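Enquirer: mmCIF, C-alpha atoms, file model09.cif:
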data_structure
loop_
_atom_site.group_PDB
_atom_site.id
_atom_site.type_symbol
_atom_site.label_atom_id
_atom_site.label_comp_id
_atom_site.auth_asym_id
_atom_site.auth_seq_id
_atom_site.Cartn_x
_atom_site.Cartn_y
_atom_site.Cartn_z
ATOM 1 C CA MET A 588 0.000 0.000 0.000
ATOM 2 C CA SER A 589 1.293 3.422 -0.903
ATOM 3 C CA VAL A 590 -0.165 6.709 0.244
ATOM 4 C CA ASP A 591 2.928 8.858 -0.102
ATOM 5 C CA GLY A 592 2.556 12.414 -1.283
ATOM 6 C CA VAL A 593 4.579 13.545 -4.285
ATOM 7 C CA GLY A 594 5.793 17.123 -3.950
ATOM 8 C CA THR A 595 4.243 20.017 -2.103
ATOM 9 C CA GLU A 596 3.559 22.798 -4.561
ATOM 10 C CA GLN A 597 0.281 23.850 -6.124
ATOM 11 C CA GLY A 598 -0.441 25.859 -9.191
ATOM 12 C CA GLY A 599 -0.485 25.663 -12.956
ATOM 13 C CA GLY A 600 3.173 24.754 -13.335
ATOM 14 C CA GLY A 601 2.409 21.037 -13.252
ATOM 15 C CA ALA A 602 3.817 20.425 -9.765
ATOM 16 C CA ASP A 603 1.947 17.886 -7.699
ATOM 17 C CA GLU A 604 0.697 18.344 -4.163
ATOM 18 C CA PRO A 605 0.488 15.956 -1.225
ATOM 19 C CA GLY A 606 -2.237 13.474 -2.025
ATOM 20 C CA TRP A 607 -3.644 10.094 -1.246
ATOM 21 C CA ASP A 608 -2.614 7.401 -3.693
ATOM 22 C CA VAL A 609 -5.101 4.625 -4.357
ATOM 23 C CA ASP A 610 -4.231 1.195 -3.002
ATOM 24 C CA PRO A 611 -4.544 -1.110 -6.054
ATOM 25 C CA ASP A 612 -5.533 -3.989 -3.759
ATOM 26 C CA ASP A 613 -8.490 -2.008 -2.391
ATOM 27 C CA GLU A 614 -11.117 -2.958 -4.977
ATOM 28 C CA SER A 615 -13.980 -0.952 -3.483
ATOM 29 C CA GLY A 616 -11.761 2.097 -3.031
ATOM 30 C CA VAL A 617 -10.467 1.866 -6.589
ATOM 31 C CA ALA A 618 -14.036 1.718 -7.922
ATOM 32 C CA VAL A 619 -15.165 4.770 -5.937
ATOM 33 C CA VAL A 620 -12.164 6.906 -6.883
ATOM 34 C CA ALA A 621 -12.429 5.914 -10.547
ATOM 35 C CA ALA A 622 -16.132 6.860 -10.634
ATOM 36 C CA VAL A 623 -15.433 10.224 -8.980
ATOM 37 C CA GLY A 624 -12.616 10.907 -11.435
ATOM 38 C CA ARG A 625 -14.840 10.130 -14.433
ATOM 39 C CA GLN A 626 -17.508 12.505 -13.168
ATOM 40 C CA ILE A 627 -15.059 15.368 -12.719
ATOM 41 C CA ARG A 628 -13.598 14.790 -16.163
ATOM 42 C CA ALA A 629 -17.074 14.773 -17.713
ATOM 43 C CA TRP A 630 -17.887 18.108 -16.057
ATOM 44 C CA ARG A 631 -14.531 19.577 -17.143
ATOM 45 C CA GLU A 632 -14.947 18.510 -20.755
ATOM 46 C CA ALA A 633 -18.517 19.766 -20.814
ATOM 47 C CA ALA A 634 -17.161 23.140 -19.675
ATOM 48 C CA GLY A 635 -14.682 23.105 -22.566
ATOM 49 C CA MET A 636 -11.625 23.293 -20.301
ATOM 50 C CA ARG A 637 -8.319 21.541 -20.872
ATOM 51 C CA ALA A 638 -6.694 19.780 -17.927
ATOM 52 C CA CYS A 639 -3.996 22.418 -17.616
ATOM 53 C CA GLU A 640 -6.578 25.246 -17.663
ATOM 54 C CA PHE A 641 -8.714 23.489 -15.118
ATOM 55 C CA GLY A 642 -5.737 22.845 -12.840
ATOM 56 C CA ALA A 643 -4.733 26.509 -12.972
ATOM 57 C CA ALA A 644 -8.311 27.560 -12.183
ATOM 58 C CA ILE A 645 -8.633 25.367 -9.091
ATOM 59 C CA GLY A 646 -5.057 25.909 -7.923
ATOM 60 C CA TYR A 647 -3.516 22.513 -8.596
ATOM 61 C CA GLY A 648 -1.046 21.095 -11.100
ATOM 62 C CA GLU A 649 -2.099 19.432 -14.352
ATOM 63 C CA ASP A 650 -0.417 16.212 -13.259
ATOM 64 C CA LEU A 651 -2.660 15.947 -10.205
ATOM 65 C CA VAL A 652 -5.746 16.719 -12.302
ATOM 66 C CA ARG A 653 -4.944 13.842 -14.644
ATOM 67 C CA LYS A 654 -4.260 11.486 -11.737
ATOM 68 C CA VAL A 655 -7.585 12.324 -10.088
ATOM 69 C CA GLU A 656 -9.522 11.979 -13.342
ATOM 70 C CA GLY A 657 -7.705 8.735 -14.085
ATOM 71 C CA GLY A 658 -8.689 7.257 -10.715
ATOM 72 C CA ARG A 659 -5.085 7.113 -9.496
ATOM 73 C CA ARG A 660 -5.311 9.727 -6.760
ATOM 74 C CA ILE A 661 -7.911 10.248 -4.050
ATOM 75 C CA PRO A 662 -9.033 13.902 -4.227
ATOM 76 C CA ARG A 663 -9.070 15.937 -1.060
ATOM 77 C CA PRO A 664 -12.322 17.624 0.055
ATOM 78 C CA GLU A 665 -11.029 21.067 -0.922
ATOM 79 C CA TYR A 666 -10.192 19.782 -4.398
ATOM 80 C CA LEU A 667 -13.815 18.711 -4.879
ATOM 81 C CA ASP A 668 -15.108 22.014 -3.503
ATOM 82 C CA ARG A 669 -12.968 24.045 -5.902
ATOM 83 C CA SER A 670 -13.897 21.807 -8.824
ATOM 84 C CA ASP A 671 -17.589 22.239 -8.082
ATOM 85 C CA GLU A 672 -17.195 26.016 -7.900
ATOM 86 C CA VAL A 673 -15.096 26.433 -11.060
ATOM 87 C CA LEU A 674 -17.196 24.050 -13.146
ATOM 88 C CA GLY A 675 -20.514 25.429 -11.889
ATOM 89 C CA ALA A 676 -21.685 21.969 -10.848
ATOM 90 C CA GLY A 677 -24.118 23.317 -8.269
ATOM 91 C CA GLY A 678 -23.018 20.892 -5.572
ATOM 92 C CA LYS A 679 -23.028 17.769 -7.746
ATOM 93 C CA ILE A 680 -19.248 17.388 -7.438
ATOM 94 C CA ALA A 681 -18.933 18.577 -3.843
ATOM 95 C CA VAL A 682 -21.509 16.021 -2.731
ATOM 96 C CA MET A 683 -19.068 13.264 -3.727
ATOM 97 C CA LYS A 684 -16.997 14.146 -0.657
ATOM 98 C CA ARG A 685 -19.181 11.711 1.229
ATOM 99 C CA ASP A 686 -18.195 8.891 -1.115
ATOM 100 C CA VAL A 687 -14.509 9.765 -0.928
ATOM 101 C CA ALA A 688 -14.519 10.226 2.859
ATOM 102 C CA GLN A 689 -14.451 6.495 3.547
ATOM 103 C CA VAL A 690 -11.938 5.339 0.958
ATOM 104 C CA ARG A 691 -9.370 7.945 2.001
ATOM 105 C CA TYR A 692 -8.519 5.628 4.902
ATOM 106 C CA PRO A 693 -6.491 2.436 4.284
ATOM 107 C CA LYS A 694 -8.647 -0.637 3.695
ATOM 108 C CA LYS A 695 -7.348 -2.513 6.724
ATOM 109 C CA VAL A 696 -8.341 0.431 8.941
ATOM 110 C CA ARG A 697 -11.783 0.672 7.308
ATOM 111 C CA ASP A 698 -12.285 -3.044 7.871
ATOM 112 C CA LEU A 699 -11.309 -2.711 11.530
ATOM 113 C CA ALA A 700 -13.560 0.316 12.019
ATOM 114 C CA GLY A 701 -16.414 -1.554 10.348
ATOM 115 C CA VAL A 702 -16.071 -4.473 12.744
ATOM 116 C CA GLU A 703 -15.850 -2.166 15.758
ATOM 117 C CA ALA A 704 -18.913 -0.248 14.571
ATOM 118 C CA LYS A 705 -20.994 -3.439 14.653
ATOM 119 C CA ALA A 706 -19.794 -4.684 18.034
ATOM 120 C CA VAL A 707 -22.004 -4.547 21.102
ATOM 121 C CA GLU A 708 -19.097 -5.583 23.330
ATOM 122 C CA LEU A 709 -15.374 -5.014 22.941
ATOM 123 C CA ALA A 710 -12.682 -6.392 25.237
ATOM 124 C CA ALA A 711 -9.043 -5.463 24.665
ATOM 125 C CA TYR A 712 -5.731 -6.027 26.409
ATOM 126 C CA VAL A 713 -2.699 -4.209 24.995
ATOM 127 C CA ALA A 714 0.759 -5.439 25.952
ATOM 128 C CA HIS A 715 2.652 -2.394 24.670
ATOM 129 C CA GLY A 716 1.399 1.165 24.278
ATOM 130 C CA LEU A 717 -2.208 2.327 24.317
ATOM 131 C CA HIS A 718 -5.157 0.933 22.398
ATOM 132 C CA GLY A 719 -6.021 3.023 19.328
ATOM 133 C CA LEU A 720 -9.466 3.820 20.735
ATOM 134 C CA LEU A 721 -7.811 5.491 23.724
ATOM 135 C CA GLN A 722 -5.220 7.623 21.943
ATOM 136 C CA THR A 723 -5.256 11.376 21.425
ATOM 137 C CA PRO A 724 -4.434 12.708 17.930
ATOM 138 C CA GLY A 725 -1.049 13.969 19.127
ATOM 139 C CA HIS A 726 -0.183 10.641 20.724
ATOM 140 C CA ALA A 727 -1.120 8.741 17.564
ATOM 141 C CA ARG A 728 0.816 11.188 15.380
ATOM 142 C CA ALA A 729 3.968 10.751 17.462
ATOM 143 C CA LEU A 730 3.713 6.976 17.120
ATOM 144 C CA PHE A 731 3.275 7.106 13.347
ATOM 145 C CA GLU A 732 6.134 9.597 12.991
ATOM 146 C CA ALA A 733 8.414 7.199 14.870
ATOM 147 C CA ARG A 734 7.805 4.317 12.447
ATOM 148 C CA GLN A 735 10.701 3.001 10.364
ATOM 149 C CA PRO A 736 10.991 3.133 7.442
ATOM 150 C CA PRO A 737 9.346 6.530 7.893
ATOM 151 C CA TYR A 738 5.908 7.437 6.614
ATOM 152 C CA SER A 739 5.565 10.642 4.639
ATOM 153 C CA GLN A 740 3.921 13.438 6.636
ATOM 154 C CA ASP A 741 0.847 13.152 4.458
ATOM 155 C CA GLU A 742 0.588 9.456 5.225
ATOM 156 C CA VAL A 743 1.022 10.189 8.930
ATOM 157 C CA GLU A 744 -1.905 12.623 8.860
ATOM 158 C CA ARG A 745 -4.005 10.147 6.906
ATOM 159 C CA MET A 746 -3.369 7.396 9.468
ATOM 160 C CA VAL A 747 -4.058 9.741 12.397
ATOM 161 C CA ALA A 748 -7.377 10.783 10.836
ATOM 162 C CA ALA A 749 -8.307 7.145 10.321
ATOM 163 C CA ARG A 750 -7.502 6.255 13.925
ATOM 164 C CA MET A 751 -9.499 9.183 15.268
ATOM 165 C CA ALA A 752 -12.462 8.281 13.038
ATOM 166 C CA ARG A 753 -12.664 4.933 14.821
ATOM 167 C CA GLN A 754 -13.374 6.771 18.059
ATOM 168 C CA SER A 755 -16.858 7.588 16.846
ATOM 169 C CA ILE A 756 -17.648 4.319 18.644
ATOM 170 C CA TYR A 757 -18.052 6.400 21.822
ATOM 171 C CA LYS A 758 -20.930 8.334 20.225
ATOM 172 C CA ARG A 759 -22.925 5.328 19.052
ATOM 173 C CA SER A 760 -26.462 4.775 20.226
ATOM 174 C CA PRO A 761 -27.010 2.377 21.848
ATOM 175 C CA VAL A 762 -23.487 2.521 23.239
ATOM 176 C CA PRO A 763 -21.408 -0.673 23.215
ATOM 177 C CA ALA A 764 -19.795 -2.068 26.363
ATOM 178 C CA LEU A 765 -16.050 -1.390 26.131
ATOM 179 C CA SER A 766 -13.400 -2.952 28.350
ATOM 180 C CA PHE A 767 -9.693 -2.090 28.197
ATOM 181 C CA VAL A 768 -6.704 -3.338 30.170
ATOM 182 C CA GLN A 769 -3.460 -1.405 29.699
ATOM 183 C CA GLU A 770 -0.003 -1.988 31.108
ATOM 184 C CA GLU A 771 1.122 0.642 33.612
ATOM 185 C CA SER A 772 4.220 1.332 31.517
ATOM 186 C CA ALA A 773 1.976 2.819 28.807
ATOM 187 C CA LEU A 774 0.940 5.563 31.246
ATOM 188 C CA ARG A 775 4.496 6.511 32.061
ATOM 189 C CA ARG A 776 5.997 6.825 28.582
ATOM 190 C CA PRO A 777 5.932 10.524 27.518
ATOM 191 C CA ILE A 778 4.878 9.915 23.911
ATOM 192 C CA GLY A 779 4.889 13.227 22.021
ATOM 193 C CA GLY A 780 6.518 15.192 24.830
ATOM 194 C CA THR A 781 5.283 16.353 28.228
ATOM 195 C CA ALA A 782 2.360 18.475 27.003
ATOM 196 C CA GLU A 783 0.993 15.688 24.818
ATOM 197 C CA TRP A 784 1.615 13.164 27.585
ATOM 198 C CA ARG A 785 -0.580 15.228 29.911
ATOM 199 C CA ARG A 786 -3.309 15.508 27.261
ATOM 200 C CA GLN A 787 -3.218 11.755 26.832
ATOM 201 C CA LEU A 788 -3.554 11.110 30.554
ATOM 202 C CA GLU A 789 -6.452 13.579 30.728
ATOM 203 C CA ARG A 790 -8.117 11.776 27.825
ATOM 204 C CA LEU A 791 -7.757 8.460 29.643
ATOM 205 C CA LEU A 792 -9.443 9.954 32.693
ATOM 206 C CA GLU A 793 -12.258 11.245 30.493
ATOM 207 C CA ILE A 794 -12.803 7.906 28.754
ATOM 208 C CA GLY A 795 -12.439 5.964 31.993
ATOM 209 C CA ARG A 796 -15.423 7.850 33.430
ATOM 210 C CA PHE A 797 -17.763 6.939 30.565
ATOM 211 C CA ARG A 798 -20.488 4.682 31.945
ATOM 212 C CA ASN A 799 -20.071 2.139 29.145
ATOM 213 C CA VAL A 800 -16.281 1.921 29.552
ATOM 214 C CA THR A 801 -14.278 -0.208 31.986
ATOM 215 C CA LEU A 802 -10.652 0.922 32.031
ATOM 216 C CA GLN A 803 -8.081 -1.022 34.040
ATOM 217 C CA VAL A 804 -4.322 -0.904 34.426
ATOM 218 C CA MET A 805 -2.038 -3.883 34.950
ATOM 219 C CA PRO A 806 0.551 -2.764 37.537
ATOM 220 C CA THR A 807 4.165 -3.207 36.529
ATOM 221 C CA HIS A 808 4.959 -5.088 39.755
ATOM 222 C CA ARG A 809 2.518 -7.903 38.900
ATOM 223 C CA GLU A 810 4.195 -11.182 38.024
ATOM 224 C CA ALA A 811 3.568 -13.175 34.825
ATOM 225 C CA HIS A 812 -0.003 -13.169 33.516
ATOM 226 C CA PRO A 813 -1.794 -14.634 30.432
ATOM 227 C CA GLY A 814 -1.254 -11.492 28.372
ATOM 228 C CA MET A 815 2.517 -11.702 28.319
ATOM 229 C CA ASP A 816 2.382 -13.247 24.834
ATOM 230 C CA GLY A 817 0.736 -10.178 23.319
ATOM 231 C CA ASP A 818 -2.479 -8.253 22.700
ATOM 232 C CA ILE A 819 -5.926 -9.788 23.041
ATOM 233 C CA ASP A 820 -9.105 -8.513 21.356
ATOM 234 C CA VAL A 821 -12.594 -9.997 21.534
ATOM 235 C CA LEU A 822 -15.600 -8.365 19.851
ATOM 236 C CA LYS A 823 -19.177 -9.597 20.234
ATOM 237 C CA PHE A 824 -22.134 -8.758 17.993
ATOM 238 C CA LYS A 825 -25.873 -8.503 18.556
ATOM 239 C CA ASP A 826 -26.581 -11.689 16.598
ATOM 240 C CA GLY A 827 -24.592 -13.693 19.155
ATOM 241 C CA THR A 828 -21.482 -14.128 17.016
ATOM 242 C CA ALA A 829 -18.025 -12.976 18.000
ATOM 243 C CA VAL A 830 -14.510 -12.564 16.650
ATOM 244 C CA GLY A 831 -11.245 -12.589 18.538
ATOM 245 C CA ARG A 832 -7.545 -12.250 17.996
ATOM 246 C CA SER A 833 -4.391 -12.572 20.040
ATOM 247 C CA HIS A 834 -0.777 -12.227 18.993
ATOM 248 C CA GLY A 835 0.030 -15.107 21.330
ATOM 249 C CA ALA A 836 -2.597 -17.621 20.180
ATOM 250 C CA PHE A 837 -3.697 -19.341 16.972
ATOM 251 C CA ASN A 838 -0.784 -17.842 15.001
ATOM 252 C CA GLY A 839 -2.190 -14.357 15.530
ATOM 253 C CA ARG A 840 -5.102 -14.898 13.135
ATOM 254 C CA ARG A 841 -8.716 -13.918 13.699
ATOM 255 C CA VAL A 842 -10.873 -16.657 15.184
ATOM 256 C CA THR A 843 -14.627 -17.184 15.346
ATOM 257 C CA ASP A 844 -14.714 -20.767 16.639
ATOM 258 C CA ALA A 845 -16.494 -20.961 20.007
ATOM 259 C CA LYS A 846 -13.763 -23.067 21.650
ATOM 260 C CA GLN A 847 -10.990 -20.720 20.546
ATOM 261 C CA LEU A 848 -12.981 -17.680 21.639
ATOM 262 C CA ARG A 849 -13.474 -19.231 25.100
ATOM 263 C CA ILE A 850 -9.699 -19.579 25.403
ATOM 264 C CA LEU A 851 -9.218 -15.877 24.624
ATOM 265 C CA GLU A 852 -12.003 -14.892 27.009
ATOM 266 C CA LEU A 853 -10.487 -17.077 29.742
ATOM 267 C CA ARG A 854 -7.130 -15.361 29.304
ATOM 268 C CA TYR A 855 -8.726 -11.925 29.270
ATOM 269 C CA GLY A 856 -10.755 -12.744 32.379
ATOM 270 C CA VAL A 857 -7.626 -13.667 34.327
ATOM 271 C CA ILE A 858 -5.899 -10.486 33.113
ATOM 272 C CA ARG A 859 -8.813 -8.353 34.315
ATOM 273 C CA ALA A 860 -8.820 -10.106 37.673
ATOM 274 C CA GLU A 861 -5.127 -9.339 38.193
ATOM 275 C CA ALA A 862 -5.365 -5.723 37.023
ATOM 276 C CA LEU A 863 -6.304 -2.747 39.176
ATOM 277 C CA ALA A 864 -10.009 -2.110 39.633
ATOM 278 C CA PRO A 865 -11.442 0.778 37.540
ATOM 279 C CA ARG A 866 -11.515 3.173 40.498
ATOM 280 C CA GLU A 867 -7.939 2.299 41.435
ATOM 281 C CA THR A 868 -6.960 2.750 37.791
ATOM 282 C CA LEU A 869 -8.346 6.289 37.652
ATOM 283 C CA ALA A 870 -6.541 7.100 40.888
ATOM 284 C CA LEU A 871 -3.261 5.859 39.405
ATOM 285 C CA ILE A 872 -3.753 7.904 36.225
ATOM 286 C CA GLU A 873 -4.434 11.006 38.326
ATOM 287 C CA GLN A 874 -1.283 10.278 40.324
ATOM 288 C CA VAL A 875 0.841 9.979 37.165
ATOM 289 C CA LEU A 876 -0.725 13.150 35.794
ATOM 290 C CA GLY A 877 0.183 14.967 38.982
ATOM 291 C CA GLU A 878 3.784 13.833 38.616
ATOM 292 C CA THR A 879 4.219 15.126 35.062
#
Represent the structure of the file as structure tokens.
Expert:
Amino acid sequence: MSVDGVGTEQGGGGADEPGWDVDPDDESGVAVVAAVGRQIRAWREAAGMRACEFGAAIGYGEDLVRKVEGGRRIPRPEYLDRSDEVLGAGGKIAVMKRDVAQVRYPKKVRDLAGVEAKAVELAAYVAHGLHGLLQTPGHARALFEARQPPYSQDEVERMVAARMARQSIYKRSPVPALSFVQEESALRRPIGGTAEWRRQLERLLEIGRFRNVTLQVMPTHREAHPGMDGDIDVLKFKDGTAVGRSHGAFNGRRVTDAKQLRILELRYGVIRAEALAPRETLALIEQVLGET
């Protein structure tokens, strides 16, 4: 998958601007972007404008125009707004922002968000770091910027936006039951610097007080527990089905078999029993916050 930007300039000189490349393995995304590109091209040709003229009018290079119309680049919202205005489409191009909004995120993230959006219960233990549903934008950005080989800045922002979009789970109605167990070490690592560290701790306190959320911390002084092999996730759905995954079981693949799910739930249950209670967890987070 490639989402690297190519260049940073705008204008009629043909220079490209940071954009979102289409993942060729994302069939649904490819289809949406191709359809949007065809529509824009049809409007441009109907207006009697050449690609270079159109690019100059909307403030982008001709190369980007051809990539968007050819379905090879995901247009940004402002690109669609400018196109609608210049071509006099009366909102018919701008309205496609809703179609593009989903495919701008990588397919694996969309798939994960789709599963989370359907869950009525979510249980998660994270061995290292914080669960994505608990992270602040600044915390997530610092993590993505630390990856090697490095992401482009445009790709970093795209991944941060995708991670934050998943947090709409907190606004669902009816709300799902969410349970998280985090290692204490995740609270004490100043990801993103002191200011961002404080914001992250404050966000944990906020989430931990939601009535549908159970947040627990596994103290560092605890001895070995069933989560030492890696993360555990179990999601349950309203039709009675469930899906689970653990880095330390079943070769890290997703499982739906009832016996395998019981094993993951057993491990998660023991982890929760050994972790601090929710009230103790909030007290610890407040203590760490006071020390920063």
Enquirer: Give the answer as one residue: which of A:Gly831, A:Met751, A:Ile778, A:Ala622 has the shortest atom-to-atom distance to Glu732 in chain A, using all atoms listed in the file?
Expert: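 Closest to Glu732 in chain A of all the choices is A:Ile778.
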Enquirer: Return as a PyMOL selection string the set of residues that the PyMOL selection byres ((chain A and resi 699-713) around 6) yields on the displayed structure.
Expert: chain A and resi 696-698+714-715+753+763-769+818-824
Enquirer: Using the chain letters and numbers from the file, which residues does the PyMOL selection byres ((chain A and resi 770) around 10) grab, as a list in words?
Expert: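 Checked against the file, the PyMOL selection byres ((chain A and resi 770) around 10) matches Tyr712, Val713, Ala714, His715, Gly716, Leu717, Val768, Gln769, Glu771, Ser772, Ala773, Leu774, Arg775, Gln803, Val804, Met805, Pro806, Thr807, Gly814 and Ala862 of chain A.
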Enquirer: So how far away is CA of Met683 in chain A from CA of Val655 in chain A, in Å?
Expert: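 Straight-line distance from CA of Val655 in chain A to CA of Met683 in chain A works out to 13.2 Å.
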Enquirer: So which residues touch range 834-842 of chain A within 9 Å, counting only C-alpha atoms, skipping near sequence neighbours fewer than 5 positions away, as a list in words?
Expert: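 Close residues of range 834-842 of chain A: Gly814, Met815, Asp816, Gly817, Asp818, Ile819, Ala829, Gln847, Leu848 and Leu851 of chain A.
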Enquirer: Select, from A:Ala618, A:Leu674, A:Val857, A:Ala644, the residue with the minimum atom-to-atom distance to Glu632 in chain A, counting all atoms listed in the file.
Expert: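 Using all atoms listed in the file, the shortest distance to Glu632 in chain A belongs to A:Leu674.
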Enquirer: Please write as a ChimeraX atom specification the full residue list that the PyMOL selection byres ((chain A and resi 794) around 12) yields on this file.
Expert: /A:720-723,754,756-758,765-767,787-793,795-803,865,868-869,872
Enquirer: How far is it from CA of Asp671 in chain A to CA of Val743 in chain A, in Å with one decimal?
Expert: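 Result for CA of Asp671 in chain A versus CA of Val743 in chain A: 27.9 Å, one decimal.
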Enquirer: Mind giving me the straight-line distance from CA of Gln689 in chain A to CA of Ala748 in chain A in Å, one decimal?
Expert: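 Going from CA of Gln689 in chain A over to CA of Ala748 in chain A, I get 11.0 Å.
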Enquirer: Would you list the residues near (-8.3, 11.8, -13.9) (no more than 9 Å away, in the coordinates of the file, using all atoms listed in the file) as a list of chain:residue names?
Expert: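 Result, sorted by chain then residue number: A:Ala621, A:Val623, A:Gly624, A:Arg625, A:Ile627, A:Arg628, A:Leu651, A:Val652, A:Arg653, A:Lys654, A:Val655, A:Glu656, A:Gly657, A:Gly658, A:Arg659, A:Arg660.
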Enquirer: For Pro761 in chain A, which residue among A:Lys825, A:Lys684, A:Arg849, A:Glu742 is the nearest when counting all atoms listed in the file?
Expert: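 Result for the nearest residue to Pro761 in chain A: A:Lys825.
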Enquirer: Which is closer to Ala633 in chain A than all the others in A:Ala676, A:Val617, A:Ile645, A:Ala688, using all atoms listed in the file?
Expert: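 Of A:Ala676, A:Val617, A:Ile645, A:Ala688, the one nearest Ala633 in chain A, counting all atoms listed in the file, is A:Ala676.
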Enquirer: Choose the residue, out of A:Lys846, A:His726, A:Arg759, A:Arg663, that has the smallest atom-to-atom separation from Thr781 in chain A; count all atoms listed in the file.
Expert: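 Comparing A:Lys846, A:His726, A:Arg759, A:Arg663 against Thr781 in chain A, the winner is A:His726.
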Enquirer: Filtering to C-alpha atoms, could range 791-835 of chain A of the supplied structure be written out as an mmCIF file, in the first residue's frame?
Expert:
data_model
loop_
_atom_site.group_PDB
_atom_site.id
_atom_site.type_symbol
_atom_site.label_atom_id
_atom_site.label_comp_id
_atom_site.auth_asym_id
_atom_site.auth_seq_id
_atom_site.Cartn_x
_atom_site.Cartn_y
_atom_site.Cartn_z
ATOM 1 C CA LEU A 791 -7.757 8.460 29.643
ATOM 2 C CA LEU A 792 -9.443 9.954 32.693
ATOM 3 C CA GLU A 793 -12.258 11.245 30.493
ATOM 4 C CA ILE A 794 -12.803 7.906 28.754
ATOM 5 C CA GLY A 795 -12.439 5.964 31.993
ATOM 6 C CA ARG A 796 -15.423 7.850 33.430
ATOM 7 C CA PHE A 797 -17.763 6.939 30.565
ATOM 8 C CA ARG A 798 -20.488 4.682 31.945
ATOM 9 C CA ASN A 799 -20.071 2.139 29.145
ATOM 10 C CA VAL A 800 -16.281 1.921 29.552
ATOM 11 C CA THR A 801 -14.278 -0.208 31.986
ATOM 12 C CA LEU A 802 -10.652 0.922 32.031
ATOM 13 C CA GLN A 803 -8.081 -1.022 34.040
ATOM 14 C CA VAL A 804 -4.322 -0.904 34.426
ATOM 15 C CA MET A 805 -2.038 -3.883 34.950
ATOM 16 C CA PRO A 806 0.551 -2.764 37.537
ATOM 17 C CA THR A 807 4.165 -3.207 36.529
ATOM 18 C CA HIS A 808 4.959 -5.088 39.755
ATOM 19 C CA ARG A 809 2.518 -7.903 38.900
ATOM 20 C CA GLU A 810 4.195 -11.182 38.024
ATOM 21 C CA ALA A 811 3.568 -13.175 34.825
ATOM 22 C CA HIS A 812 -0.003 -13.169 33.516
ATOM 23 C CA PRO A 813 -1.794 -14.634 30.432
ATOM 24 C CA GLY A 814 -1.254 -11.492 28.372
ATOM 25 C CA MET A 815 2.517 -11.702 28.319
ATOM 26 C CA ASP A 816 2.382 -13.247 24.834
ATOM 27 C CA GLY A 817 0.736 -10.178 23.319
ATOM 28 C CA ASP A 818 -2.479 -8.253 22.700
ATOM 29 C CA ILE A 819 -5.926 -9.788 23.041
ATOM 30 C CA ASP A 820 -9.105 -8.513 21.356
ATOM 31 C CA VAL A 821 -12.594 -9.997 21.534
ATOM 32 C CA LEU A 822 -15.600 -8.365 19.851
ATOM 33 C CA LYS A 823 -19.177 -9.597 20.234
ATOM 34 C CA PHE A 824 -22.134 -8.758 17.993
ATOM 35 C CA LYS A 825 -25.873 -8.503 18.556
ATOM 36 C CA ASP A 826 -26.581 -11.689 16.598
ATOM 37 C CA GLY A 827 -24.592 -13.693 19.155
ATOM 38 C CA THR A 828 -21.482 -14.128 17.016
ATOM 39 C CA ALA A 829 -18.025 -12.976 18.000
ATOM 40 C CA VAL A 830 -14.510 -12.564 16.650
ATOM 41 C CA GLY A 831 -11.245 -12.589 18.538
ATOM 42 C CA ARG A 832 -7.545 -12.250 17.996
ATOM 43 C CA SER A 833 -4.391 -12.572 20.040
ATOM 44 C CA HIS A 834 -0.777 -12.227 18.993
ATOM 45 C CA GLY A 835 0.030 -15.107 21.330
#
